[in-house]
file protein.pdb (PDB, C-alpha atoms)
ATOM      1  CA  MET A  65     -75.073  44.125 -10.283
ATOM      2  CA  LYS A  66     -74.779  42.373  -6.922
ATOM      3  CA  THR A  67     -70.993  42.799  -6.867
ATOM      4  CA  ALA A  68     -71.290  46.497  -7.589
ATOM      5  CA  PHE A  69     -73.453  46.885  -4.524
ATOM      6  CA  LEU A  70     -70.763  45.575  -2.190
ATOM      7  CA  PHE A  71     -68.917  48.864  -2.311
ATOM      8  CA  ALA A  72     -71.859  51.076  -3.080
ATOM      9  CA  CYS A  73     -73.343  53.660  -0.790
ATOM     10  CA  VAL A  74     -77.058  53.712  -1.439
ATOM     11  CA  ALA A  75     -78.175  57.311  -1.644
ATOM     12  CA  VAL A  76     -80.847  58.351   0.831
ATOM     13  CA  LEU A  77     -82.247  61.835   0.456
ATOM     14  CA  THR A  78     -82.578  62.456   4.181
ATOM     15  CA  VAL A  79     -78.894  61.852   4.851
ATOM     16  CA  VAL A  80     -76.518  64.784   4.986
ATOM     17  CA  GLY A  81     -72.998  63.942   3.922
ATOM     18  CA  VAL A  82     -71.135  62.744   0.890
ATOM     19  CA  CYS A  83     -71.145  59.044   0.164
ATOM     20  CA  GLN A  84     -68.478  57.762  -2.219
ATOM     21  CA  ALA A  85     -68.268  54.273  -3.684
ATOM     22  CA  GLY A  86     -65.603  52.367  -1.822
ATOM     23  CA  ASP A  87     -66.208  54.095   1.523
ATOM     24  CA  LEU A  88     -67.019  50.727   3.077
ATOM     25  CA  ARG A  89     -64.418  48.010   2.854
ATOM     26  CA  LYS A  90     -63.171  44.799   4.406
ATOM     27  CA  ASN A  91     -61.135  45.151   7.593
ATOM     28  CA  PHE A  92     -61.420  48.942   7.784
ATOM     29  CA  TYR A  93     -59.908  48.812  11.287
ATOM     30  CA  ARG A  94     -56.960  46.578  10.359
ATOM     31  CA  THR A  95     -54.427  49.217  11.392
ATOM     32  CA  SER A  96     -56.382  51.605  13.617
ATOM     33  CA  CYS A  97     -57.884  48.912  15.872
ATOM     34  CA  PRO A  98     -56.813  45.413  14.759
ATOM     35  CA  ALA A  99     -58.797  43.571  17.444
ATOM     36  CA  ALA A 100     -62.033  45.486  16.783
ATOM     37  CA  GLU A 101     -63.993  42.785  14.975
ATOM     38  CA  SER A 102     -62.892  40.007  17.327
ATOM     39  CA  ILE A 103     -63.890  42.111  20.363
ATOM     40  CA  VAL A 104     -67.364  42.649  18.888
ATOM     41  CA  LYS A 105     -67.656  38.952  18.094
ATOM     42  CA  ASN A 106     -66.493  37.702  21.497
ATOM     43  CA  ILE A 107     -68.766  39.934  23.556
ATOM     44  CA  THR A 108     -71.738  39.311  21.260
ATOM     45  CA  GLU A 109     -71.302  35.539  21.381
ATOM     46  CA  THR A 110     -71.023  35.587  25.180
ATOM     47  CA  ARG A 111     -74.218  37.605  25.471
ATOM     48  CA  VAL A 112     -76.114  35.392  22.988
ATOM     49  CA  ALA A 113     -75.127  32.316  25.022
ATOM     50  CA  SER A 114     -77.091  33.698  27.969
ATOM     51  CA  ASN A 115     -79.883  35.299  25.909
ATOM     52  CA  PRO A 116     -81.033  33.320  22.848
ATOM     53  CA  ASN A 117     -83.483  36.116  21.960
ATOM     54  CA  LEU A 118     -80.631  38.551  21.327
ATOM     55  CA  PRO A 119     -80.011  37.741  17.619
ATOM     56  CA  ALA A 120     -83.545  38.823  16.697
ATOM     57  CA  LYS A 121     -83.232  41.968  18.796
ATOM     58  CA  LEU A 122     -79.906  43.109  17.338
ATOM     59  CA  LEU A 123     -80.976  42.288  13.777
ATOM     60  CA  ARG A 124     -84.141  44.370  14.230
ATOM     61  CA  MET A 125     -82.146  47.241  15.745
ATOM     62  CA  HIS A 126     -79.753  47.230  12.775
ATOM     63  CA  PHE A 127     -82.707  47.292  10.351
ATOM     64  CA  HIS A 128     -84.361  50.172  12.228
ATOM     65  CA  ASP A 129     -81.060  52.049  12.237
ATOM     66  CA  CYS A 130     -80.475  51.703   8.497
ATOM     67  CA  PHE A 131     -83.991  52.688   7.460
ATOM     68  CA  VAL A 132     -83.824  56.065   9.253
ATOM     69  CA  ARG A 133     -80.992  58.346   8.040
ATOM     70  CA  GLY A 134     -79.030  55.331   6.827
ATOM     71  CA  CYS A 135     -76.800  52.983   8.853
ATOM     72  CA  ASP A 136     -75.347  55.729  11.042
ATOM     73  CA  GLY A 137     -76.027  54.501  14.580
ATOM     74  CA  SER A 138     -78.689  57.201  15.081
ATOM     75  CA  VAL A 139     -81.059  54.625  16.614
ATOM     76  CA  LEU A 140     -78.629  54.284  19.529
ATOM     77  CA  ILE A 141     -78.789  57.941  20.604
ATOM     78  CA  ASN A 142     -80.641  58.783  23.811
ATOM     79  CA  SER A 143     -83.323  61.457  23.967
ATOM     80  CA  THR A 144     -82.487  64.723  25.742
ATOM     81  CA  ALA A 145     -84.601  67.309  27.539
ATOM     82  CA  ASN A 146     -84.807  69.262  24.279
ATOM     83  CA  SER A 147     -85.177  66.479  21.713
ATOM     84  CA  THR A 148     -86.878  63.099  21.492
ATOM     85  CA  ALA A 149     -84.520  60.741  19.649
ATOM     86  CA  GLU A 150     -85.421  57.803  17.375
ATOM     87  CA  LYS A 151     -85.469  55.556  20.449
ATOM     88  CA  GLY A 152     -88.551  57.424  21.674
ATOM     89  CA  ALA A 153     -90.660  56.778  18.569
ATOM     90  CA  VAL A 154     -93.433  54.168  18.854
ATOM     91  CA  PRO A 155     -91.864  51.566  16.476
ATOM     92  CA  ASN A 156     -88.633  51.708  18.501
ATOM     93  CA  LEU A 157     -90.035  51.498  22.030
ATOM     94  CA  SER A 158     -89.721  47.694  21.953
ATOM     95  CA  LEU A 159     -86.117  47.666  20.696
ATOM     96  CA  ALA A 160     -83.663  45.945  23.030
ATOM     97  CA  GLY A 161     -79.977  45.073  23.191
ATOM     98  CA  PHE A 162     -78.620  48.598  23.664
ATOM     99  CA  ASP A 163     -76.675  47.376  26.700
ATOM    100  CA  VAL A 164     -74.772  44.916  24.507
ATOM    101  CA  ILE A 165     -73.718  47.666  22.107
ATOM    102  CA  ASP A 166     -72.667  49.829  25.070
ATOM    103  CA  GLU A 167     -70.592  47.001  26.565
ATOM    104  CA  ILE A 168     -68.790  46.487  23.250
ATOM    105  CA  LYS A 169     -68.204  50.229  22.833
ATOM    106  CA  THR A 170     -66.731  50.532  26.341
ATOM    107  CA  GLU A 171     -64.257  47.738  25.636
ATOM    108  CA  LEU A 172     -63.301  49.218  22.250
ATOM    109  CA  GLU A 173     -62.778  52.679  23.755
ATOM    110  CA  ASN A 174     -60.477  51.077  26.353
ATOM    111  CA  ARG A 175     -58.471  49.377  23.601
ATOM    112  CA  CYS A 176     -58.462  52.033  20.866
ATOM    113  CA  ALA A 177     -60.249  55.223  21.808
ATOM    114  CA  GLY A 178     -62.123  57.167  19.153
ATOM    115  CA  LYS A 179     -61.558  54.675  16.347
ATOM    116  CA  VAL A 180     -64.557  52.346  15.979
ATOM    117  CA  SER A 181     -67.977  53.775  15.164
ATOM    118  CA  CYS A 182     -71.176  52.757  16.914
ATOM    119  CA  ALA A 183     -72.751  52.256  13.473
ATOM    120  CA  ASP A 184     -70.133  49.611  12.641
ATOM    121  CA  ILE A 185     -70.460  48.001  16.076
ATOM    122  CA  LEU A 186     -74.205  47.536  15.511
ATOM    123  CA  ALA A 187     -73.743  46.169  11.981
ATOM    124  CA  LEU A 188     -71.104  43.688  13.177
ATOM    125  CA  ALA A 189     -72.941  42.661  16.353
ATOM    126  CA  ALA A 190     -76.167  41.951  14.427
ATOM    127  CA  ARG A 191     -74.248  39.693  12.031
ATOM    128  CA  ASP A 192     -72.284  37.991  14.799
ATOM    129  CA  ALA A 193     -75.392  37.338  16.916
ATOM    130  CA  VAL A 194     -77.360  35.721  14.081
ATOM    131  CA  SER A 195     -74.272  33.745  13.025
ATOM    132  CA  VAL A 196     -73.756  32.056  16.407
ATOM    133  CA  GLN A 197     -75.909  29.043  15.495
ATOM    134  CA  PHE A 198     -73.904  28.490  12.283
ATOM    135  CA  LYS A 199     -70.481  28.815  13.957
ATOM    136  CA  LYS A 200     -69.360  31.011  11.044
ATOM    137  CA  PRO A 201     -70.327  34.456   9.692
ATOM    138  CA  ILE A 202     -73.359  34.133   7.414
ATOM    139  CA  TRP A 203     -72.884  37.493   5.723
ATOM    140  CA  GLU A 204     -69.954  39.803   5.186
ATOM    141  CA  VAL A 205     -69.981  43.162   6.948
ATOM    142  CA  LEU A 206     -67.924  45.824   5.235
ATOM    143  CA  THR A 207     -66.826  48.536   7.675
ATOM    144  CA  GLY A 208     -65.986  52.240   7.681
ATOM    145  CA  ARG A 209     -69.364  53.744   8.665
ATOM    146  CA  ARG A 210     -69.265  56.914  10.729
ATOM    147  CA  ASP A 211     -71.811  57.937  13.333
ATOM    148  CA  GLY A 212     -74.570  60.415  12.649
ATOM    149  CA  ASN A 213     -75.172  63.325  15.002
ATOM    150  CA  VAL A 214     -78.911  63.718  14.410
ATOM    151  CA  SER A 215     -81.628  61.445  15.827
ATOM    152  CA  LEU A 216     -85.271  62.529  15.660
ATOM    153  CA  ALA A 217     -88.299  60.513  16.718
ATOM    154  CA  SER A 218     -90.330  62.498  14.188
ATOM    155  CA  GLU A 219     -88.495  60.831  11.287
ATOM    156  CA  VAL A 220     -89.164  57.234  12.308
ATOM    157  CA  LEU A 221     -92.784  56.532  11.345
ATOM    158  CA  ALA A 222     -92.310  57.711   7.767
ATOM    159  CA  ASN A 223     -89.227  55.534   7.268
ATOM    160  CA  ILE A 224     -89.738  52.245   9.160
ATOM    161  CA  PRO A 225     -92.067  49.954   7.151
ATOM    162  CA  SER A 226     -95.201  49.265   9.174
ATOM    163  CA  PRO A 227     -96.450  45.678   9.726
ATOM    164  CA  PHE A 228     -99.804  46.933   8.377
ATOM    165  CA  LEU A 229     -98.471  47.910   4.926
ATOM    166  CA  ASN A 230     -99.774  46.431   1.686
ATOM    167  CA  PHE A 231     -97.447  45.244  -1.069
ATOM    168  CA  SER A 232     -97.199  48.471  -3.077
ATOM    169  CA  SER A 233     -96.413  50.503   0.054
ATOM    170  CA  LEU A 234     -93.729  47.997   1.099
ATOM    171  CA  VAL A 235     -92.143  48.174  -2.358
ATOM    172  CA  GLN A 236     -92.112  51.984  -2.201
ATOM    173  CA  SER A 237     -90.550  51.947   1.264
ATOM    174  CA  PHE A 238     -87.722  49.652   0.166
ATOM    175  CA  LYS A 239     -87.279  51.425  -3.176
ATOM    176  CA  SER A 240     -86.759  54.725  -1.335
ATOM    177  CA  LYS A 241     -83.727  53.104   0.323
ATOM    178  CA  GLY A 242     -82.329  51.732  -2.944
ATOM    179  CA  LEU A 243     -83.602  48.208  -2.252
ATOM    180  CA  THR A 244     -85.525  45.966  -4.654
ATOM    181  CA  VAL A 245     -88.590  43.714  -4.455
ATOM    182  CA  HIS A 246     -86.133  40.840  -4.175
ATOM    183  CA  ASP A 247     -84.489  42.489  -1.153
ATOM    184  CA  LEU A 248     -87.935  43.094   0.365
ATOM    185  CA  VAL A 249     -88.857  39.408   0.214
ATOM    186  CA  VAL A 250     -85.451  38.139   1.309
ATOM    187  CA  LEU A 251     -85.106  40.558   4.235
ATOM    188  CA  SER A 252     -88.663  39.757   5.369
ATOM    189  CA  GLY A 253     -87.200  36.310   6.057
ATOM    190  CA  ALA A 254     -85.585  37.863   9.143
ATOM    191  CA  HIS A 255     -89.020  37.229  10.698
ATOM    192  CA  THR A 256     -87.860  33.630  11.057
ATOM    193  CA  ILE A 257     -86.560  34.746  14.482
ATOM    194  CA  GLY A 258     -88.177  36.875  17.151
ATOM    195  CA  VAL A 259     -91.672  37.721  18.333
ATOM    196  CA  GLY A 260     -94.483  40.097  17.425
ATOM    197  CA  HIS A 261     -96.796  42.019  19.750
ATOM    198  CA  CYS A 262    -100.508  41.174  19.534
ATOM    199  CA  ASN A 263    -101.569  44.727  18.727
ATOM    200  CA  LEU A 264     -99.551  44.601  15.495
ATOM    201  CA  PHE A 265    -101.713  41.852  13.997
ATOM    202  CA  SER A 266    -104.834  41.361  16.150
ATOM    203  CA  ASN A 267    -106.920  43.388  13.679
ATOM    204  CA  ARG A 268    -106.457  40.396  11.341
ATOM    205  CA  LEU A 269    -108.174  38.255  13.973
ATOM    206  CA  TYR A 270    -110.999  40.464  15.172
ATOM    207  CA  ASN A 271    -111.642  43.486  12.956
ATOM    208  CA  PHE A 272    -109.949  43.182   9.590
ATOM    209  CA  SER A 273    -112.266  45.331   7.488
ATOM    210  CA  GLY A 274    -113.921  47.219  10.325
ATOM    211  CA  LYS A 275    -116.836  44.796  10.575
ATOM    212  CA  GLY A 276    -115.566  42.546  13.368
ATOM    213  CA  ASP A 277    -114.266  40.031  10.824
ATOM    214  CA  GLN A 278    -111.151  37.902  10.350
ATOM    215  CA  ASP A 279    -108.608  38.347   7.549
ATOM    216  CA  PRO A 280    -109.651  35.760   4.924
ATOM    217  CA  SER A 281    -106.035  35.429   3.760
ATOM    218  CA  LEU A 282    -104.948  34.136   7.187
ATOM    219  CA  ASN A 283    -104.885  30.357   7.678
ATOM    220  CA  SER A 284    -108.014  29.643   9.762
ATOM    221  CA  THR A 285    -106.339  27.041  11.997
ATOM    222  CA  TYR A 286    -103.469  29.417  12.678
ATOM    223  CA  ALA A 287    -105.951  32.253  13.344
ATOM    224  CA  ALA A 288    -107.738  30.090  15.930
ATOM    225  CA  PHE A 289    -104.387  29.446  17.632
ATOM    226  CA  LEU A 290    -103.507  33.153  17.620
ATOM    227  CA  LYS A 291    -106.850  33.979  19.227
ATOM    228  CA  THR A 292    -105.881  31.826  22.216
ATOM    229  CA  LYS A 293    -102.798  34.031  22.663
ATOM    230  CA  CYS A 294    -104.235  37.442  21.764
ATOM    231  CA  GLN A 295    -107.705  37.598  23.233
ATOM    232  CA  SER A 296    -108.597  41.188  22.415
ATOM    233  CA  LEU A 297    -107.718  44.110  20.169
ATOM    234  CA  SER A 298    -106.517  46.015  23.221
ATOM    235  CA  ASP A 299    -103.746  43.547  24.215
ATOM    236  CA  ARG A 300    -100.480  45.463  23.751
ATOM    237  CA  THR A 301     -98.199  43.328  25.923
ATOM    238  CA  THR A 302     -98.540  39.679  24.846
ATOM    239  CA  THR A 303     -96.042  38.479  22.245
ATOM    240  CA  VAL A 304     -96.261  35.583  19.794
ATOM    241  CA  GLU A 305     -93.498  33.824  17.844
ATOM    242  CA  MET A 306     -93.294  35.136  14.280
ATOM    243  CA  ASP A 307     -92.149  31.708  13.107
ATOM    244  CA  PRO A 308     -94.093  29.218  15.281
ATOM    245  CA  GLY A 309     -91.916  26.538  16.851
ATOM    246  CA  SER A 310     -88.586  27.872  15.619
ATOM    247  CA  SER A 311     -88.428  31.542  16.614
ATOM    248  CA  GLN A 312     -84.892  31.181  18.000
ATOM    249  CA  ASN A 313     -83.630  29.274  14.969
ATOM    250  CA  PHE A 314     -82.547  31.224  11.900
ATOM    251  CA  ASP A 315     -83.868  29.068   9.064
ATOM    252  CA  ALA A 316     -86.045  29.164   5.938
ATOM    253  CA  SER A 317     -89.254  28.040   7.629
ATOM    254  CA  TYR A 318     -90.652  31.603   7.457
ATOM    255  CA  PHE A 319     -91.141  31.079   3.723
ATOM    256  CA  VAL A 320     -92.606  27.607   4.208
ATOM    257  CA  ILE A 321     -95.256  28.849   6.647
ATOM    258  CA  LEU A 322     -95.864  31.941   4.532
ATOM    259  CA  GLN A 323     -96.979  29.669   1.688
ATOM    260  CA  GLN A 324     -99.369  28.045   4.173
ATOM    261  CA  GLN A 325    -100.857  31.523   4.800
ATOM    262  CA  LYS A 326     -99.376  31.645   8.284
ATOM    263  CA  GLY A 327     -97.495  34.930   7.937
ATOM    264  CA  LEU A 328     -98.148  36.839  11.176
ATOM    265  CA  PHE A 329     -98.361  40.407   9.898
ATOM    266  CA  GLN A 330    -100.267  41.941   7.001
ATOM    267  CA  SER A 331     -96.860  42.911   5.615
ATOM    268  CA  ASP A 332     -95.912  39.200   5.571
ATOM    269  CA  ALA A 333     -99.139  38.121   3.863
ATOM    270  CA  ALA A 334     -98.680  40.973   1.360
ATOM    271  CA  LEU A 335     -95.720  39.118  -0.168
ATOM    272  CA  LEU A 336     -98.178  36.570  -1.598
ATOM    273  CA  THR A 337    -100.350  39.212  -3.279
ATOM    274  CA  ASP A 338     -97.916  39.922  -6.123
ATOM    275  CA  LYS A 339     -96.777  37.419  -8.773
ATOM    276  CA  THR A 340     -93.123  38.425  -8.643
ATOM    277  CA  SER A 341     -92.770  38.380  -4.873
ATOM    278  CA  LYS A 342     -94.787  35.161  -4.585
ATOM    279  CA  LYS A 343     -92.347  33.518  -7.013
ATOM    280  CA  ILE A 344     -89.377  34.736  -4.938
ATOM    281  CA  VAL A 345     -90.981  33.270  -1.789
ATOM    282  CA  GLY A 346     -91.104  29.903  -3.574
ATOM    283  CA  GLU A 347     -87.392  30.139  -4.379
ATOM    284  CA  LEU A 348     -86.363  30.573  -0.729
ATOM    285  CA  LEU A 349     -87.786  27.411   0.851
ATOM    286  CA  GLU A 350     -84.362  25.797   1.290
ATOM    287  CA  LEU A 351     -81.936  27.144   3.892
ATOM    288  CA  THR A 352     -78.940  27.240   1.552
ATOM    289  CA  ASP A 353     -80.856  29.322  -1.004
ATOM    290  CA  PHE A 354     -82.193  31.679   1.647
ATOM    291  CA  LEU A 355     -78.795  32.211   3.322
ATOM    292  CA  LYS A 356     -77.122  32.954  -0.017
ATOM    293  CA  GLU A 357     -79.687  35.620  -0.879
ATOM    294  CA  PHE A 358     -79.924  36.972   2.679
ATOM    295  CA  SER A 359     -76.174  37.516   2.705
ATOM    296  CA  GLN A 360     -76.373  39.679  -0.437
ATOM    297  CA  SER A 361     -79.420  41.668   0.697
ATOM    298  CA  MET A 362     -77.889  42.359   4.108
ATOM    299  CA  LYS A 363     -74.781  43.810   2.434
ATOM    300  CA  ARG A 364     -77.026  46.112   0.439
ATOM    301  CA  MET A 365     -79.059  47.114   3.470
ATOM    302  CA  GLY A 366     -75.892  47.728   5.469
ATOM    303  CA  ALA A 367     -74.724  50.268   2.869
ATOM    304  CA  ILE A 368     -77.842  52.467   2.969
ATOM    305  CA  GLY A 369     -76.903  56.118   3.380
ATOM    306  CA  VAL A 370     -73.655  55.493   5.221
ATOM    307  CA  LEU A 371     -71.600  58.439   6.412
ATOM    308  CA  ALA A 372     -67.900  58.255   5.623
ATOM    309  CA  GLY A 373     -64.809  60.381   5.198
ATOM    310  CA  ASN A 374     -65.298  63.578   7.205
ATOM    311  CA  SER A 375     -69.072  63.241   7.567
ATOM    312  CA  GLY A 376     -70.493  62.492  10.997
ATOM    313  CA  GLU A 377     -68.234  61.513  13.872
ATOM    314  CA  ILE A 378     -66.965  58.596  15.938
ATOM    315  CA  ARG A 379     -69.073  58.782  19.091
ATOM    316  CA  LYS A 380     -67.299  58.268  22.421
ATOM    317  CA  LYS A 381     -70.513  56.810  23.857
ATOM    318  CA  CYS A 382     -73.097  55.299  21.556
ATOM    319  CA  GLY A 383     -76.023  56.936  23.316
ATOM    320  CA  VAL A 384     -74.591  60.460  23.304
ATOM    321  CA  ILE A 385     -73.572  62.786  20.472
ATOM    322  CA  ASN A 386     -70.056  64.153  21.023
ATOM    323  CA  SER A 387     -70.097  67.654  22.472
TER     324      SER A 387
END
call {"tool": "encode", "arguments": {"input": "protein.pdb", "output": "structure tokens"}}
result
Amino acid sequence: MKTAFLFACVAVLTVVGVCQAGDLRKNFYRTSCPAAESIVKNITETRVASNPNLPAKLLRMHFHDCFVRGCDGSVLINSTANSTAEKGAVPNLSLAGFDVIDEIKTELENRCAGKVSCADILALAARDAVSVQFKKPIWEVLTGRRDGNVSLASEVLANIPSPFLNFSSLVQSFKSKGLTVHDLVVLSGAHTIGVGHCNLFSNRLYNFSGKGDQDPSLNSTYAAFLKTKCQSLSDRTTTVEMDPGSSQNFDASYFVILQQQKGLFQSDAALLTDKTSKKIVGELLELTDFLKEFSQSMKRMGAIGVLAGNSGEIRKKCGVINS
């Protein structure tokens, strides 16, 4: 089943365009732009060297791209006077790293104009950024995605899983993209890097059930620590590490702390409320096990609703639909 997914295009109802098995493949640009993947890798690695927070940012951007209209680079499009793009939706206002994608695109257009899609650049850059610490790629990125030409802020909230979701809602969200409970748990492990804004979890500290109470499923020592960082429900600017003490290190400690009831978001804690997902959490405590599964789930996520063949376009600039 896992092998079949490598060349599968996961059908997403909101995506217009035909998706055939085999549309994504290894080294899609071998003839049209042979240096494409090395250009992405070199620029990404240079940028990560000066900004260790970049892997988390590019990984999140890739996830937000794939969950709305599939992995079509629509998250990269700028809003216009007539239309607010995905970038303008609340869950995407804190996305960052667009300048890195633009720098890569500029270089690729100089080398081989009109060949490499922004959707592929994002998928590759996310992988390359996270892989820097391992000095080798930790998942395979098949290429051949084309760029979408629709980006609507109004489609984001219904498609990006909220940090406030319970288990059944998370499962439904992932299922709608062709992903399983296993993928849900494994991909949640991406929270091993990056930060979360206080307003996305402070209700667990101060007003969990509307009675000024604390979430009983949150480790009380950890809750006391979080209260020193997020001192009110109204704090929308302070950020906290999602994986305390190792938020710039891609490892399996997310699952270790999750078992200690130190998951930051309700959506993290939700993974312990179901027997199946709780068992999967317990199987991912070692880095080698987590990386193996993460590699497979990222391939599946990276194939959601891709545009290929004559669908979509190859944008000249990632922030602008071709005229």
call {"tool": "residues_near_point", "arguments": {"input": "protein.pdb", "point": "(-77.8, 53.9, 18.9)", "cutoff": "12 Å", "atoms": "all atoms listed in the file", "output": "number ranges by chain"}}
result
A: 122, 125-130, 132, 135-143, 149-152, 156, 159-166, 169, 181-187, 211-216, 379-385
call {"tool": "resolve_selection", "arguments": {"input": "protein.pdb", "expression": "the PyMOL selection byres ((chain A and resi 258) around 12)", "output": "ChimeraX atom specification"}}
result
/A:116-124,158-160,194,253-257,259-261,303-314,318,328
call {"tool": "atom_distance", "arguments": {"input": "protein.pdb", "atom1": "CA of Lys326 (chain A)", "atom2": "CA of Pro155 (chain A)"}}
result
22.8 Å
call {"tool": "residues_around", "arguments": {"input": "protein.pdb", "residues": "Ser298 (chain A)", "least_positions_apart": "3", "cutoff": "10 Å", "atoms": "all atoms listed in the file", "output": "PyMOL selection string"}}
result
chain A and resi 262-263+266-267+294-295+301
call {"tool": "atom_distance", "arguments": {"input": "protein.pdb", "atom1": "CA of Trp203 (chain A)", "atom2": "CA of Ala190 (chain A)"}}
result
10.3 Å
call {"tool": "resolve_selection", "arguments": {"input": "protein.pdb", "expression": "the PyMOL selection byres ((chain A and resi 370) around 7)", "output": "list in words"}}
result
Cys73, Cys83, Gly134, Cys135, Asp136, Arg209, Ala367, Ile368, Gly369, Leu371 and Ala372 of chain A
call {"tool": "residues_around", "arguments": {"input": "protein.pdb", "residues": "Leu221 (chain A)", "least_positions_apart": "2", "cutoff": "8 Å", "atoms": "only C-alpha atoms", "output": "JSON, numbers by chain"}}
result
{"A": [153, 154, 155, 218, 219, 223, 224, 225, 226]}
call {"tool": "atom_distance", "arguments": {"input": "protein.pdb", "atom1": "CA of Cys176 (chain A)", "atom2": "CA of Tyr93 (chain A)"}}
result
10.2 Å
call {"tool": "residues_near_point", "arguments": {"input": "protein.pdb", "point": "(-83.8, 49.2, -1.2)", "cutoff": "12 Å", "atoms": "only C-alpha atoms", "output": "number ranges by chain"}}
result
A: 69, 73-76, 127, 130-131, 134, 223, 225, 234-251, 361-369
call {"tool": "resolve_selection", "arguments": {"input": "protein.pdb", "expression": "the PyMOL selection byres ((chain A and resi 337-346) around 9)", "output": "number ranges by chain"}}
result
A: 230-231, 245-246, 248-250, 319-320, 322-323, 333-336, 347-349
call {"tool": "closest_residue", "arguments": {"input": "protein.pdb", "among": "A:Leu264, A:Ala189, A:Ile321, A:Ala222", "to": "Ser296 (chain A)", "atoms": "all atoms listed in the file"}}
result
A:Leu264
call {"tool": "closest_residue", "arguments": {"input": "protein.pdb", "among": "A:Ile103, A:Arg210, A:Arg133, A:Glu109", "to": "Gly178 (chain A)", "atoms": "only C-alpha atoms"}}
result
A:Arg210
call {"tool": "decode", "arguments": {"input": "protein.pdb", "residues": "region 228-233 of chain A", "atoms": "all heavy atoms", "output": "mmCIF file, in the first residue's frame"}}
result
data_model
loop_
_atom_site.group_PDB
_atom_site.id
_atom_site.type_symbol
_atom_site.label_atom_id
_atom_site.label_comp_id
_atom_site.auth_asym_id
_atom_site.auth_seq_id
_atom_site.Cartn_x
_atom_site.Cartn_y
_atom_site.Cartn_z
ATOM 1 N N PHE A 228 -7.238 23.653 17.687
ATOM 2 C CA PHE A 228 -8.283 23.442 18.697
ATOM 3 C C PHE A 228 -9.107 22.180 18.420
ATOM 4 O O PHE A 228 -10.024 21.866 19.176
ATOM 5 C CB PHE A 228 -9.218 24.658 18.750
ATOM 6 C CG PHE A 228 -8.529 25.946 19.075
ATOM 7 C CD1 PHE A 228 -8.269 26.879 18.077
ATOM 8 C CD2 PHE A 228 -8.106 26.230 20.369
ATOM 9 C CE1 PHE A 228 -7.615 28.079 18.367
ATOM 10 C CE2 PHE A 228 -7.458 27.423 20.669
ATOM 11 C CZ PHE A 228 -7.214 28.345 19.669
ATOM 12 N N LEU A 229 -8.806 21.464 17.334
ATOM 13 C CA LEU A 229 -9.639 20.318 16.951
ATOM 14 C C LEU A 229 -9.506 19.132 17.898
ATOM 15 O O LEU A 229 -8.433 18.856 18.434
ATOM 16 C CB LEU A 229 -9.294 19.855 15.529
ATOM 17 C CG LEU A 229 -9.645 20.793 14.361
ATOM 18 C CD1 LEU A 229 -9.376 20.090 13.044
ATOM 19 C CD2 LEU A 229 -11.100 21.248 14.423
ATOM 20 N N ASN A 230 -10.620 18.398 18.046
ATOM 21 C CA ASN A 230 -10.579 17.138 18.790
ATOM 22 C C ASN A 230 -10.183 16.019 17.830
ATOM 23 O O ASN A 230 -10.003 16.241 16.628
ATOM 24 C CB ASN A 230 -11.928 16.851 19.475
ATOM 25 C CG ASN A 230 -13.075 16.700 18.476
ATOM 26 O OD1 ASN A 230 -12.866 16.400 17.295
ATOM 27 N ND2 ASN A 230 -14.288 16.912 18.950
ATOM 28 N N PHE A 231 -10.057 14.807 18.354
ATOM 29 C CA PHE A 231 -9.527 13.706 17.553
ATOM 30 C C PHE A 231 -10.388 13.392 16.326
ATOM 31 O O PHE A 231 -9.867 13.270 15.218
ATOM 32 C CB PHE A 231 -9.361 12.446 18.417
ATOM 33 C CG PHE A 231 -8.770 11.293 17.654
ATOM 34 C CD1 PHE A 231 -7.426 11.289 17.313
ATOM 35 C CD2 PHE A 231 -9.562 10.226 17.246
ATOM 36 C CE1 PHE A 231 -6.870 10.240 16.582
ATOM 37 C CE2 PHE A 231 -9.015 9.175 16.521
ATOM 38 C CZ PHE A 231 -7.661 9.186 16.191
ATOM 39 N N SER A 232 -11.691 13.277 16.508
ATOM 40 C CA SER A 232 -12.548 12.900 15.379
ATOM 41 C C SER A 232 -12.510 13.945 14.267
ATOM 42 O O SER A 232 -12.526 13.605 13.079
ATOM 43 C CB SER A 232 -13.987 12.646 15.841
ATOM 44 O OG SER A 232 -14.521 13.798 16.438
ATOM 45 N N SER A 233 -12.421 15.218 14.630
ATOM 46 C CA SER A 233 -12.341 16.280 13.623
ATOM 47 C C SER A 233 -11.003 16.252 12.893
ATOM 48 O O SER A 233 -10.928 16.497 11.683
ATOM 49 C CB SER A 233 -12.547 17.651 14.271
ATOM 50 O OG SER A 233 -13.824 17.744 14.853
#
